[in-house]
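Heads up, model.pdb below (PDB, C-alpha atoms):
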ATOM      1  CA  MET A  13      20.122  10.711  27.661
ATOM      2  CA  LYS A  14      19.093  10.224  24.048
ATOM      3  CA  THR A  15      21.097  12.392  21.642
ATOM      4  CA  GLN A  16      19.138  13.882  18.763
ATOM      5  CA  ILE A  17      20.438  15.219  15.473
ATOM      6  CA  ILE A  18      18.641  18.352  14.293
ATOM      7  CA  ARG A  19      19.094  19.280  10.652
ATOM      8  CA  LYS A  20      18.789  23.007  10.016
ATOM      9  CA  GLU A  21      18.003  24.525   6.672
ATOM     10  CA  ASP A  22      16.859  27.871   5.301
ATOM     11  CA  TYR A  23      13.225  28.478   4.470
ATOM     12  CA  ASP A  24      12.733  28.220   0.704
ATOM     13  CA  SER A  25       9.476  29.654  -0.615
ATOM     14  CA  ASN A  26      10.038  28.098  -4.072
ATOM     15  CA  ARG A  27      10.313  24.629  -2.592
ATOM     16  CA  LEU A  28       7.180  25.156  -0.543
ATOM     17  CA  SER A  29       5.347  26.508  -3.569
ATOM     18  CA  ILE A  30       6.269  23.411  -5.644
ATOM     19  CA  ALA A  31       5.055  21.122  -2.841
ATOM     20  CA  VAL A  32       1.735  22.975  -2.561
ATOM     21  CA  LYS A  33       1.234  22.948  -6.346
ATOM     22  CA  GLY A  34       1.983  19.228  -6.354
ATOM     23  CA  ALA A  35      -0.604  18.535  -3.656
ATOM     24  CA  VAL A  36      -3.265  20.537  -5.527
ATOM     25  CA  MET A  37      -2.514  18.880  -8.866
ATOM     26  CA  ALA A  38      -2.434  15.421  -7.287
ATOM     27  CA  ASN A  39      -6.199  15.844  -6.921
ATOM     28  CA  HIS A  40      -6.764  16.429 -10.635
ATOM     29  CA  SER A  41      -6.794  20.245 -10.426
ATOM     30  CA  MET A  42      -5.466  22.378 -13.275
ATOM     31  CA  SER A  43      -1.956  23.815 -13.082
ATOM     32  CA  GLY A  44      -3.201  27.428 -13.269
ATOM     33  CA  GLN A  45      -5.425  26.890 -10.255
ATOM     34  CA  ALA A  46      -2.564  25.137  -8.455
ATOM     35  CA  GLU A  47      -0.282  28.118  -9.051
ATOM     36  CA  ASP A  48      -2.946  30.523  -7.821
ATOM     37  CA  PHE A  49      -3.506  28.516  -4.617
ATOM     38  CA  ALA A  50       0.238  28.153  -4.079
ATOM     39  CA  ALA A  51       0.766  31.919  -4.320
ATOM     40  CA  ARG A  52      -2.041  32.570  -1.800
ATOM     41  CA  VAL A  53      -0.772  29.885   0.572
ATOM     42  CA  ILE A  54       2.804  31.211   0.434
ATOM     43  CA  HIS A  55       1.491  34.680   1.237
ATOM     44  CA  LYS A  56      -0.401  33.343   4.288
ATOM     45  CA  VAL A  57       2.505  31.212   5.466
ATOM     46  CA  GLU A  58       4.945  34.100   5.160
ATOM     47  CA  SER A  59       2.702  36.348   7.174
ATOM     48  CA  TRP A  60       2.654  33.618   9.856
ATOM     49  CA  LEU A  61       6.466  33.393   9.664
ATOM     50  CA  GLY A  62       6.735  37.155  10.346
ATOM     51  CA  ASP A  63      10.081  37.727  11.981
ATOM     52  CA  LYS A  64      10.475  34.214  13.373
ATOM     53  CA  THR A  65      14.090  33.088  13.281
ATOM     54  CA  GLU A  66      13.412  29.411  13.952
ATOM     55  CA  PHE A  67      10.535  26.981  13.429
ATOM     56  CA  THR A  68      10.253  23.254  12.839
ATOM     57  CA  ALA A  69       9.452  21.525   9.552
ATOM     58  CA  ARG A  70       6.338  20.066  11.189
ATOM     59  CA  GLU A  71       5.094  23.543  12.227
ATOM     60  CA  LEU A  72       5.618  24.753   8.676
ATOM     61  CA  ARG A  73       3.805  21.708   7.247
ATOM     62  CA  LEU A  74       0.821  22.205   9.587
ATOM     63  CA  GLN A  75       0.605  25.944   8.874
ATOM     64  CA  THR A  76       0.804  25.308   5.131
ATOM     65  CA  ALA A  77      -1.880  22.619   5.311
ATOM     66  CA  ALA A  78      -4.132  24.944   7.352
ATOM     67  CA  ALA A  79      -3.659  27.758   4.834
ATOM     68  CA  LEU A  80      -4.289  25.438   1.890
ATOM     69  CA  ALA A  81      -7.429  24.016   3.531
ATOM     70  CA  ASP A  82      -9.115  27.419   3.007
ATOM     71  CA  TYR A  83      -8.880  26.927  -0.773
ATOM     72  CA  ASP A  84      -8.728  23.163  -1.335
ATOM     73  CA  PRO A  85      -9.406  20.909   1.694
ATOM     74  CA  ASP A  86      -8.630  17.714  -0.268
ATOM     75  CA  ALA A  87      -5.237  19.005  -1.358
ATOM     76  CA  ALA A  88      -4.540  20.143   2.209
ATOM     77  CA  TYR A  89      -5.300  16.646   3.481
ATOM     78  CA  PHE A  90      -2.994  15.098   0.884
ATOM     79  CA  TYR A  91      -0.243  17.628   1.643
ATOM     80  CA  GLU A  92      -0.448  16.998   5.380
ATOM     81  CA  ASN A  93      -0.609  13.208   5.151
ATOM     82  CA  GLU A  94       1.448  12.143   2.153
ATOM     83  CA  LYS A  95       4.468  11.306   4.318
ATOM     84  CA  ARG A  96       2.330   9.163   6.587
ATOM     85  CA  MET A  97       0.961   6.801   3.958
ATOM     86  CA  PHE A  98       3.232   3.941   4.935
TER      87      PHE A  98
ATOM     88  CA  MET B   6     -13.921 -34.849  -7.198
ATOM     89  CA  ASP B   7     -17.440 -33.470  -7.670
ATOM     90  CA  THR B   8     -17.972 -29.798  -8.382
ATOM     91  CA  ASN B   9     -19.029 -28.965  -4.835
ATOM     92  CA  THR B  10     -15.889 -30.496  -3.320
ATOM     93  CA  LEU B  11     -13.720 -28.800  -5.944
ATOM     94  CA  VAL B  12     -15.160 -25.410  -5.052
ATOM     95  CA  MET B  13     -15.086 -25.901  -1.272
ATOM     96  CA  ALA B  14     -11.672 -27.580  -1.025
ATOM     97  CA  LEU B  15      -9.719 -25.876  -3.787
ATOM     98  CA  TRP B  16     -11.210 -22.735  -5.320
ATOM     99  CA  LEU B  17     -12.733 -21.171  -2.207
ATOM    100  CA  PRO B  18      -9.493 -21.338  -0.150
ATOM    101  CA  ILE B  19      -7.526 -19.934  -3.108
ATOM    102  CA  ALA B  20     -10.006 -17.063  -3.471
ATOM    103  CA  ILE B  21      -9.898 -16.326   0.264
ATOM    104  CA  VAL B  22      -6.095 -16.269   0.530
ATOM    105  CA  ALA B  23      -6.034 -13.993  -2.523
ATOM    106  CA  ILE B  24      -8.518 -11.668  -0.778
ATOM    107  CA  VAL B  25      -6.227 -11.687   2.270
ATOM    108  CA  GLN B  26      -3.297 -10.565   0.115
ATOM    109  CA  ALA B  27      -5.547  -7.977  -1.553
ATOM    110  CA  SER B  28      -6.486  -6.487   1.831
ATOM    111  CA  PHE B  29      -2.888  -5.673   2.755
ATOM    112  CA  SER B  30      -2.204  -1.979   2.508
ATOM    113  CA  LEU B  31       1.344  -1.365   1.392
ATOM    114  CA  SER B  32       0.790  -1.890  -2.353
ATOM    115  CA  ILE B  33      -2.275   0.360  -2.242
ATOM    116  CA  SER B  34      -0.434   3.062  -0.296
ATOM    117  CA  ILE B  35       2.394   3.105  -2.815
ATOM    118  CA  LEU B  36      -0.075   3.156  -5.726
ATOM    119  CA  THR B  37      -1.951   6.084  -4.148
ATOM    120  CA  LEU B  38       1.239   8.081  -3.623
ATOM    121  CA  LEU B  39       2.483   7.171  -7.107
ATOM    122  CA  SER B  40      -0.761   8.450  -8.620
ATOM    123  CA  GLY B  41      -0.480  11.723  -6.676
ATOM    124  CA  VAL B  42       3.164  12.198  -7.664
ATOM    125  CA  SER B  43       2.428  11.411 -11.302
ATOM    126  CA  LEU B  44      -0.407  13.956 -11.486
ATOM    127  CA  ALA B  45       1.674  16.535  -9.620
ATOM    128  CA  ASN B  46       4.383  16.134 -12.253
ATOM    129  CA  HIS B  47       1.974  17.368 -14.949
ATOM    130  CA  ARG B  48       1.807  13.875 -16.426
ATOM    131  CA  ALA B  49      -0.767  13.545 -19.230
ATOM    132  CA  LYS B  50      -3.697  11.182 -18.669
ATOM    133  CA  ARG B  51      -2.158   8.545 -20.927
ATOM    134  CA  GLY B  52       1.198   8.666 -19.165
ATOM    135  CA  HIS B  53      -0.518   8.472 -15.789
ATOM    136  CA  SER B  54      -2.469   5.379 -16.866
ATOM    137  CA  ALA B  55       0.720   3.768 -18.229
ATOM    138  CA  LEU B  56       2.445   4.355 -14.904
ATOM    139  CA  MET B  57      -0.461   2.797 -13.002
ATOM    140  CA  ALA B  58      -0.629  -0.176 -15.407
ATOM    141  CA  SER B  59       3.097  -0.886 -15.171
ATOM    142  CA  TYR B  60       2.915  -0.733 -11.365
ATOM    143  CA  ILE B  61       0.105  -3.316 -11.341
ATOM    144  CA  ALA B  62       1.947  -5.444 -13.922
ATOM    145  CA  GLY B  63       5.041  -5.441 -11.667
ATOM    146  CA  SER B  64       2.980  -6.447  -8.683
ATOM    147  CA  MET B  65       1.201  -9.244 -10.603
ATOM    148  CA  VAL B  66       4.380 -10.592 -12.200
ATOM    149  CA  VAL B  67       6.109 -10.911  -8.815
ATOM    150  CA  THR B  68       2.991 -12.492  -7.270
ATOM    151  CA  LEU B  69       2.760 -14.997 -10.150
ATOM    152  CA  ALA B  70       6.483 -15.770  -9.975
ATOM    153  CA  LEU B  71       6.341 -16.393  -6.232
ATOM    154  CA  VAL B  72       3.245 -18.626  -6.388
ATOM    155  CA  VAL B  73       4.612 -20.577  -9.375
ATOM    156  CA  GLY B  74       7.991 -20.964  -7.628
ATOM    157  CA  LEU B  75       6.382 -22.201  -4.416
ATOM    158  CA  ALA B  76       4.029 -24.573  -6.259
ATOM    159  CA  TRP B  77       6.979 -25.942  -8.239
ATOM    160  CA  MET B  78       8.896 -26.466  -4.979
ATOM    161  CA  PHE B  79       5.933 -28.367  -3.477
ATOM    162  CA  LYS B  80       5.672 -30.549  -6.599
ATOM    163  CA  VAL B  81       9.402 -31.286  -6.898
ATOM    164  CA  THR B  82       9.816 -32.179  -3.231
ATOM    165  CA  GLY B  83       6.650 -34.285  -3.264
ATOM    166  CA  TRP B  84       5.182 -32.134  -0.486
ATOM    167  CA  SER B  85       2.059 -31.409  -2.509
ATOM    168  CA  ASP B  86       0.518 -34.686  -1.260
ATOM    169  CA  ASN B  87       1.967 -34.488   2.242
ATOM    170  CA  ASN B  88      -0.722 -33.816   4.834
ATOM    171  CA  PHE B  89       1.829 -32.949   7.520
ATOM    172  CA  VAL B  90       3.250 -30.140   5.343
ATOM    173  CA  PHE B  91      -0.288 -28.840   4.805
ATOM    174  CA  LEU B  92      -0.907 -28.862   8.574
ATOM    175  CA  VAL B  93       2.309 -26.900   9.131
ATOM    176  CA  LEU B  94       1.219 -24.367   6.478
ATOM    177  CA  ILE B  95      -2.218 -24.035   8.066
ATOM    178  CA  SER B  96      -0.728 -23.435  11.514
ATOM    179  CA  THR B  97       1.663 -20.793  10.142
ATOM    180  CA  LEU B  98      -1.316 -19.134   8.404
ATOM    181  CA  MET B  99      -3.125 -18.993  11.736
ATOM    182  CA  THR B 100      -0.046 -17.566  13.502
ATOM    183  CA  ALA B 101       0.338 -14.994  10.726
ATOM    184  CA  GLY B 102      -3.339 -14.074  11.189
ATOM    185  CA  PHE B 103      -2.680 -13.229  14.834
ATOM    186  CA  ALA B 104       0.499 -11.375  13.824
ATOM    187  CA  VAL B 105      -1.535  -9.257  11.386
ATOM    188  CA  LEU B 106      -4.088  -8.460  14.122
ATOM    189  CA  LEU B 107      -1.339  -7.458  16.539
ATOM    190  CA  PHE B 108       1.454  -5.929  14.499
ATOM    191  CA  TYR B 109       0.262  -4.858  11.063
ATOM    192  CA  TYR B 110      -0.265  -1.271  12.221
ATOM    193  CA  ARG B 111       1.603   0.530  14.914
ATOM    194  CA  TYR B 112      -0.141   3.162  16.979
ATOM    195  CA  ASP B 113       1.974   6.152  18.029
ATOM    196  CA  PRO B 114       1.345   9.823  18.859
ATOM    197  CA  LYS B 115       1.898  10.826  15.222
ATOM    198  CA  GLY B 116      -0.911   8.534  14.058
ATOM    199  CA  THR B 117      -1.431   4.995  12.842
ATOM    200  CA  ARG B 118       1.312   3.693  10.591
ATOM    201  CA  LEU B 119       2.221   0.478   8.850
ATOM    202  CA  TRP B 120       4.525  -2.003  10.569
ATOM    203  CA  LEU B 121       7.498  -0.961   8.395
ATOM    204  CA  PRO B 122      10.588   0.408  10.193
ATOM    205  CA  ARG B 123      10.461   4.213   9.880
ATOM    206  CA  ARG B 124      13.791   4.630   8.113
ATOM    207  CA  PHE B 125      12.694   2.024   5.597
ATOM    208  CA  ALA B 126       9.339   3.757   5.090
ATOM    209  CA  GLU B 127      11.152   7.055   4.413
ATOM    210  CA  ARG B 128      13.286   5.389   1.735
ATOM    211  CA  LEU B 129      10.204   3.857   0.185
ATOM    212  CA  TYR B 130       8.547   7.291   0.153
ATOM    213  CA  ALA B 131      11.598   8.740  -1.609
ATOM    214  CA  ALA B 132      11.699   5.846  -4.119
ATOM    215  CA  THR B 133       7.994   6.349  -4.925
ATOM    216  CA  LYS B 134       8.573  10.083  -5.448
ATOM    217  CA  ARG B 135      11.341   9.275  -7.930
ATOM    218  CA  ALA B 136       9.345   6.674  -9.884
ATOM    219  CA  SER B 137       8.574   8.796 -12.924
ATOM    220  CA  SER B 138       9.033   6.171 -15.658
ATOM    221  CA  VAL B 139       7.142   2.968 -16.449
ATOM    222  CA  ASP B 140      10.146   0.741 -15.741
ATOM    223  CA  ARG B 141      10.633   2.272 -12.310
ATOM    224  CA  SER B 142       6.953   1.953 -11.502
ATOM    225  CA  PHE B 143       7.063  -1.692 -12.660
ATOM    226  CA  LEU B 144       9.937  -2.330 -10.245
ATOM    227  CA  LEU B 145       8.097  -0.465  -7.510
ATOM    228  CA  GLY B 146       5.044  -2.713  -7.993
ATOM    229  CA  GLY B 147       7.197  -5.817  -7.670
ATOM    230  CA  MET B 148       9.046  -4.377  -4.691
ATOM    231  CA  ALA B 149       5.748  -3.631  -2.911
ATOM    232  CA  VAL B 150       4.871  -7.343  -2.977
ATOM    233  CA  LEU B 151       8.339  -8.393  -1.818
ATOM    234  CA  LEU B 152       8.320  -5.864   1.025
ATOM    235  CA  GLU B 153       5.161  -7.381   2.470
ATOM    236  CA  ILE B 154       6.427 -10.922   2.075
ATOM    237  CA  VAL B 155       6.540 -11.287   5.874
ATOM    238  CA  PHE B 156       2.726 -11.313   5.857
ATOM    239  CA  ILE B 157       1.956 -12.319   2.264
ATOM    240  CA  ALA B 158       4.128 -15.466   2.277
ATOM    241  CA  PHE B 159       1.629 -17.478   4.327
ATOM    242  CA  PRO B 160      -1.533 -17.018   2.235
ATOM    243  CA  MET B 161       0.668 -17.390  -0.832
ATOM    244  CA  MET B 162       2.034 -20.732   0.391
ATOM    245  CA  ILE B 163      -1.494 -22.057   0.954
ATOM    246  CA  ALA B 164      -2.467 -21.014  -2.594
ATOM    247  CA  ALA B 165       0.709 -22.595  -4.008
ATOM    248  CA  TYR B 166       0.135 -25.802  -2.041
ATOM    249  CA  ILE B 167      -3.448 -26.139  -3.292
ATOM    250  CA  ALA B 168      -2.426 -25.239  -6.862
ATOM    251  CA  SER B 169       0.394 -27.803  -6.787
ATOM    252  CA  SER B 170      -2.175 -30.547  -6.233
ATOM    253  CA  MET B 171      -3.913 -29.538  -9.486
ATOM    254  CA  SER B 172      -2.840 -30.428 -12.972
ATOM    255  CA  GLY B 173      -3.200 -29.113 -16.509
ATOM    256  CA  SER B 174      -5.243 -25.996 -17.140
ATOM    257  CA  SER B 175      -6.699 -25.951 -13.580
ATOM    258  CA  TYR B 176      -3.174 -25.374 -12.219
ATOM    259  CA  TYR B 177      -2.570 -22.344 -14.431
ATOM    260  CA  LEU B 178      -6.090 -21.062 -13.866
ATOM    261  CA  ALA B 179      -5.687 -21.307 -10.069
ATOM    262  CA  ILE B 180      -2.471 -19.276 -10.137
ATOM    263  CA  ILE B 181      -3.938 -16.652 -12.469
ATOM    264  CA  VAL B 182      -7.122 -16.394 -10.374
ATOM    265  CA  TYR B 183      -4.977 -15.860  -7.262
ATOM    266  CA  ALA B 184      -2.864 -13.124  -8.898
ATOM    267  CA  VAL B 185      -5.900 -11.334 -10.366
ATOM    268  CA  ILE B 186      -7.904 -11.350  -7.115
ATOM    269  CA  ALA B 187      -4.816 -10.193  -5.174
ATOM    270  CA  ALA B 188      -4.404  -7.271  -7.597
ATOM    271  CA  THR B 189      -8.122  -6.360  -7.801
ATOM    272  CA  PRO B 190      -8.008  -3.400  -5.359
ATOM    273  CA  GLN B 191      -5.008  -1.983  -7.214
ATOM    274  CA  ILE B 192      -6.775  -2.358 -10.569
ATOM    275  CA  ALA B 193      -9.948  -0.745  -9.204
ATOM    276  CA  LEU B 194      -8.021   2.164  -7.691
ATOM    277  CA  ALA B 195      -5.900   2.697 -10.801
ATOM    278  CA  ILE B 196      -9.107   2.957 -12.867
ATOM    279  CA  ALA B 197     -10.619   5.311 -10.288
ATOM    280  CA  TYR B 198      -7.538   7.574 -10.258
ATOM    281  CA  SER B 199      -7.352   7.576 -14.050
ATOM    282  CA  ARG B 200     -11.036   8.558 -14.240
ATOM    283  CA  GLY B 201     -10.509  11.569 -12.012
ATOM    284  CA  TYR B 202     -11.224  10.325  -8.495
ATOM    285  CA  LYS B 203      -9.385  12.411  -5.941
ATOM    286  CA  VAL B 204      -6.390  10.718  -4.360
ATOM    287  CA  SER B 205      -7.109  12.386  -1.024
ATOM    288  CA  ALA B 206     -10.748  11.208  -0.945
ATOM    289  CA  ILE B 207      -9.677   7.593  -1.339
ATOM    290  CA  GLN B 208      -6.759   8.008   1.058
ATOM    291  CA  ARG B 209      -9.139   9.502   3.644
ATOM    292  CA  TRP B 210     -11.454   6.490   3.322
ATOM    293  CA  ARG B 211      -8.485   4.156   3.769
ATOM    294  CA  GLU B 212      -7.291   6.098   6.816
ATOM    295  CA  GLN B 213     -10.728   5.850   8.406
ATOM    296  CA  ASN B 214     -11.066   2.132   7.658
ATOM    297  CA  LYS B 215      -7.540   0.844   8.161
ATOM    298  CA  ARG B 216      -8.455  -0.795  11.449
ATOM    299  CA  PHE B 217     -11.353  -2.571   9.721
ATOM    300  CA  LEU B 218      -9.052  -3.779   6.912
ATOM    301  CA  GLN B 219      -6.491  -5.010   9.429
ATOM    302  CA  ILE B 220      -9.100  -6.939  11.429
ATOM    303  CA  THR B 221     -10.644  -8.341   8.232
ATOM    304  CA  ALA B 222      -7.288  -9.671   6.978
ATOM    305  CA  GLY B 223      -6.361 -11.159  10.365
ATOM    306  CA  ILE B 224      -9.749 -12.766  10.971
ATOM    307  CA  LEU B 225      -9.923 -14.111   7.411
ATOM    308  CA  MET B 226      -6.548 -15.812   7.895
ATOM    309  CA  ILE B 227      -7.573 -17.350  11.224
ATOM    310  CA  THR B 228     -11.014 -18.416   9.964
ATOM    311  CA  LEU B 229      -9.553 -19.922   6.799
ATOM    312  CA  SER B 230      -6.998 -21.910   8.790
ATOM    313  CA  ILE B 231      -9.794 -23.295  11.004
ATOM    314  CA  TYR B 232     -11.852 -24.106   7.892
ATOM    315  CA  LEU B 233      -8.918 -25.872   6.216
ATOM    316  CA  LEU B 234      -8.165 -27.816   9.398
ATOM    317  CA  THR B 235     -11.768 -28.927   9.684
ATOM    318  CA  TYR B 236     -12.718 -29.672   6.087
ATOM    319  CA  VAL B 237      -9.619 -30.138   3.984
ATOM    320  CA  ALA B 238      -6.588 -31.388   5.963
TER     321      ALA B 238
END

Rewritten as structure tokens:
Amino acid sequence: MKTQIIRKEDYDSNRLSIAVKGAVMANHSMSGQAEDFAARVIHKVESWLGDKTEFTARELRLQTAAALADYDPDAAYFYENEKRMF
Amino acid sequence: MDTNTLVMALWLPIAIVAIVQASFSLSISILTLLSGVSLANHRAKRGHSALMASYIAGSMVVTLALVVGLAWMFKVTGWSDNNFVFLVLISTLMTAGFAVLLFYYRYDPKGTRLWLPRRFAERLYAATKRASSVDRSFLLGGMAVLLEIVFIAFPMMIAAYIASSMSGSSYYLAIIVYAVIAATPQIALAIAYSRGYKVSAIQRWREQNKRFLQITAGILMITLSIYLLTYVA
């Protein structure tokens, strides 16, 4: 049987917010708009989190991208795919 | 040699192998991510352009150094006039063309990815994220060329072999033409990103056409090797 290592870490809304802002600004948007979108996305993601005690990084990434797509589809695409460029 | 022979036997093959190198994706992927990271870090337009320019300079310097080094090796060893060496180079170019068609992208449930080992790709991603200064982006540009050497080496060797048979200004011109054509997509994208094109729009186009780019590079390599076998060797 293949043994897998699972790294656990606490959810950090600041870290997520920085990543979302980065994805929005990577598409030439202004920082104020990026902050506004990030705040809205964090709100949506946290309502999805609810009282979940565990979730995967991939689930969080997909939920964040889906929430961001409502405001900026290009940024959502970049956020979802930036780790798959190579 | 008359002009027609010069173009068909020397300049056309050099241009085609340069286009082959230009169609490889890794340098473009790193440039795209670098542009996104730079803009995300609130970098001013001028700083962003400097980062892009130093990345391209790194890529061109390493390309030039490799082609010059190979051409020098061919000249010193006397292989630049050896038809057998040229035949070996042509056959390796053809083999590399098939390798590009078969292995350049891997297809897995998480999507299409480059041939790079995953752990290596993750390190490259982290290195690109950290490249916030011009010197780091210069190194990253050079590293991008070296990382793809497995595929780039073969078109590069053909260019170096052909250039080594030239002398004087034609020799330098051939090497510069190769490096400029190989860097053309990077230059075009850097200008596009600096002028406000969205990183994700270009990345989406690349995602949708990566199969086409892979097939183009592979077929170009195979076709060029057949052409060289028929008309030049």

Determine which residues of chain A sit within 10 Å of chain B, taking into account only C-alpha atoms, and present them as a CSV table (one decimal) with C-alpha atoms, in the coordinates of the input.
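selection-v1.csv was written with the following content:
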chain,number,residue,atom,x,y,z
A,30,ILE,CA,6.3,23.4,-5.6
A,31,ALA,CA,5.1,21.1,-2.8
A,32,VAL,CA,1.7,23.0,-2.6
A,33,LYS,CA,1.2,22.9,-6.3
A,34,GLY,CA,2.0,19.2,-6.4
A,35,ALA,CA,-0.6,18.5,-3.7
A,36,VAL,CA,-3.3,20.5,-5.5
A,37,MET,CA,-2.5,18.9,-8.9
A,38,ALA,CA,-2.4,15.4,-7.3
A,39,ASN,CA,-6.2,15.8,-6.9
A,40,HIS,CA,-6.8,16.4,-10.6
A,41,SER,CA,-6.8,20.2,-10.4
A,42,MET,CA,-5.5,22.4,-13.3
A,43,SER,CA,-2.0,23.8,-13.1
A,46,ALA,CA,-2.6,25.1,-8.5
A,85,PRO,CA,-9.4,20.9,1.7
A,86,ASP,CA,-8.6,17.7,-0.3
A,87,ALA,CA,-5.2,19.0,-1.4
A,88,ALA,CA,-4.5,20.1,2.2
A,89,TYR,CA,-5.3,16.6,3.5
A,90,PHE,CA,-3.0,15.1,0.9
A,91,TYR,CA,-0.2,17.6,1.6
A,93,ASN,CA,-0.6,13.2,5.2
A,94,GLU,CA,1.4,12.1,2.2
A,95,LYS,CA,4.5,11.3,4.3
A,96,ARG,CA,2.3,9.2,6.6
A,97,MET,CA,1.0,6.8,4.0
A,98,PHE,CA,3.2,3.9,4.9

Query raised in the report: In terms of the shortest atom-to-atom distance over all atoms listed in the file, which of B:Ala101, B:Val237, B:Leu36, B:Ser175 is closest to B:Lys134?
Result: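 Closest residue, counting all atoms listed in the file: B:Leu36.
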
Query raised in the report: If you measure from atom CA of B:Ala197 to atom CA of B:Ala55, what distance in Å do you get, rounded to one decimal?
Result: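 That distance, rounded to one decimal, is 13.9 Å.
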
**Report entry** Two-atom distance - atom CA of B:Ile196, atom CA of B:Ser174 (Å)
**Finding:**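 Here the two named atoms are 29.5 Å from each other.
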
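When all atoms listed in the file are used to measure the gap to B:Met226, the shortest distance among B:Gly74, B:Gly146, B:Pro160, B:Gly63 belongs to B:Pro160.
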
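Here atom CA of B:Met57 is placed at a distance of 5.9 Å from atom CA of B:Ala195.
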
Report task. Expand the PyMOL selection byres ((chain A and resi 58-62) around 10) into the individual residues it matches in the shown file, reporting them as an MDAnalysis selection string. Result -> chainID A and resid 23 25 52:57 63:67 72 75:76 79

Report task. Name the residues captured by the PyMOL selection byres ((chain B and resi 165) around 9) when it is applied to the shown file; answer as a list in words. Result -> Ile19, Leu71, Val72, Val73, Gly74, Leu75, Ala76, Trp77, Phe79, Pro160, Met161, Met162, Ile163, Ala164, Tyr166, Ile167, Ala168, Ser169, Ser170, Ala179 and Ile180 of chain B

**Report entry** Residue neighbourhood B:Leu145, 9 Å, all atoms listed in the file, exclusion window fewer than 5 positions, as a list in words
**Finding:**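 These residues fall inside the cut-off: Ile35, Tyr60, Gly63, Ser64, Ala132, Thr133, Ala136, Asp140 and Val150 of chain B.
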
Could those residues be written to a file, using C-alpha atoms, as an mmCIF file, in the frame of the given file?
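Final output, saved to out_23.cif:
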data_model
loop_
_atom_site.group_PDB
_atom_site.id
_atom_site.type_symbol
_atom_site.label_atom_id
_atom_site.label_comp_id
_atom_site.auth_asym_id
_atom_site.auth_seq_id
_atom_site.Cartn_x
_atom_site.Cartn_y
_atom_site.Cartn_z
ATOM 1 C CA ILE B 35 2.394 3.105 -2.815
ATOM 2 C CA TYR B 60 2.915 -0.733 -11.365
ATOM 3 C CA GLY B 63 5.041 -5.441 -11.667
ATOM 4 C CA SER B 64 2.980 -6.447 -8.683
ATOM 5 C CA ALA B 132 11.699 5.846 -4.119
ATOM 6 C CA THR B 133 7.994 6.349 -4.925
ATOM 7 C CA ALA B 136 9.345 6.674 -9.884
ATOM 8 C CA ASP B 140 10.146 0.741 -15.741
ATOM 9 C CA VAL B 150 4.871 -7.343 -2.977
#

Query raised in the report: Which residue out of B:Met99, B:Ala184, B:Leu144, B:Phe29 has the minimum interatomic distance to B:Lys215 when only C-alpha atoms are used?
Result: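 Nearest candidate to B:Lys215 out of B:Met99, B:Ala184, B:Leu144, B:Phe29: B:Phe29.
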
Report the centre and edge lengths, in Å to one decimal, of an axis-aligned box enclosing every atom of stretch 84-103 of chain B listed in the file, padded by 4 Å on each side, as AutoDock Vina command-line options.
--center_x 0.9 --center_y -24.0 --center_z 6.2 --size_x 16.5 --size_y 29.5 --size_z 25.3
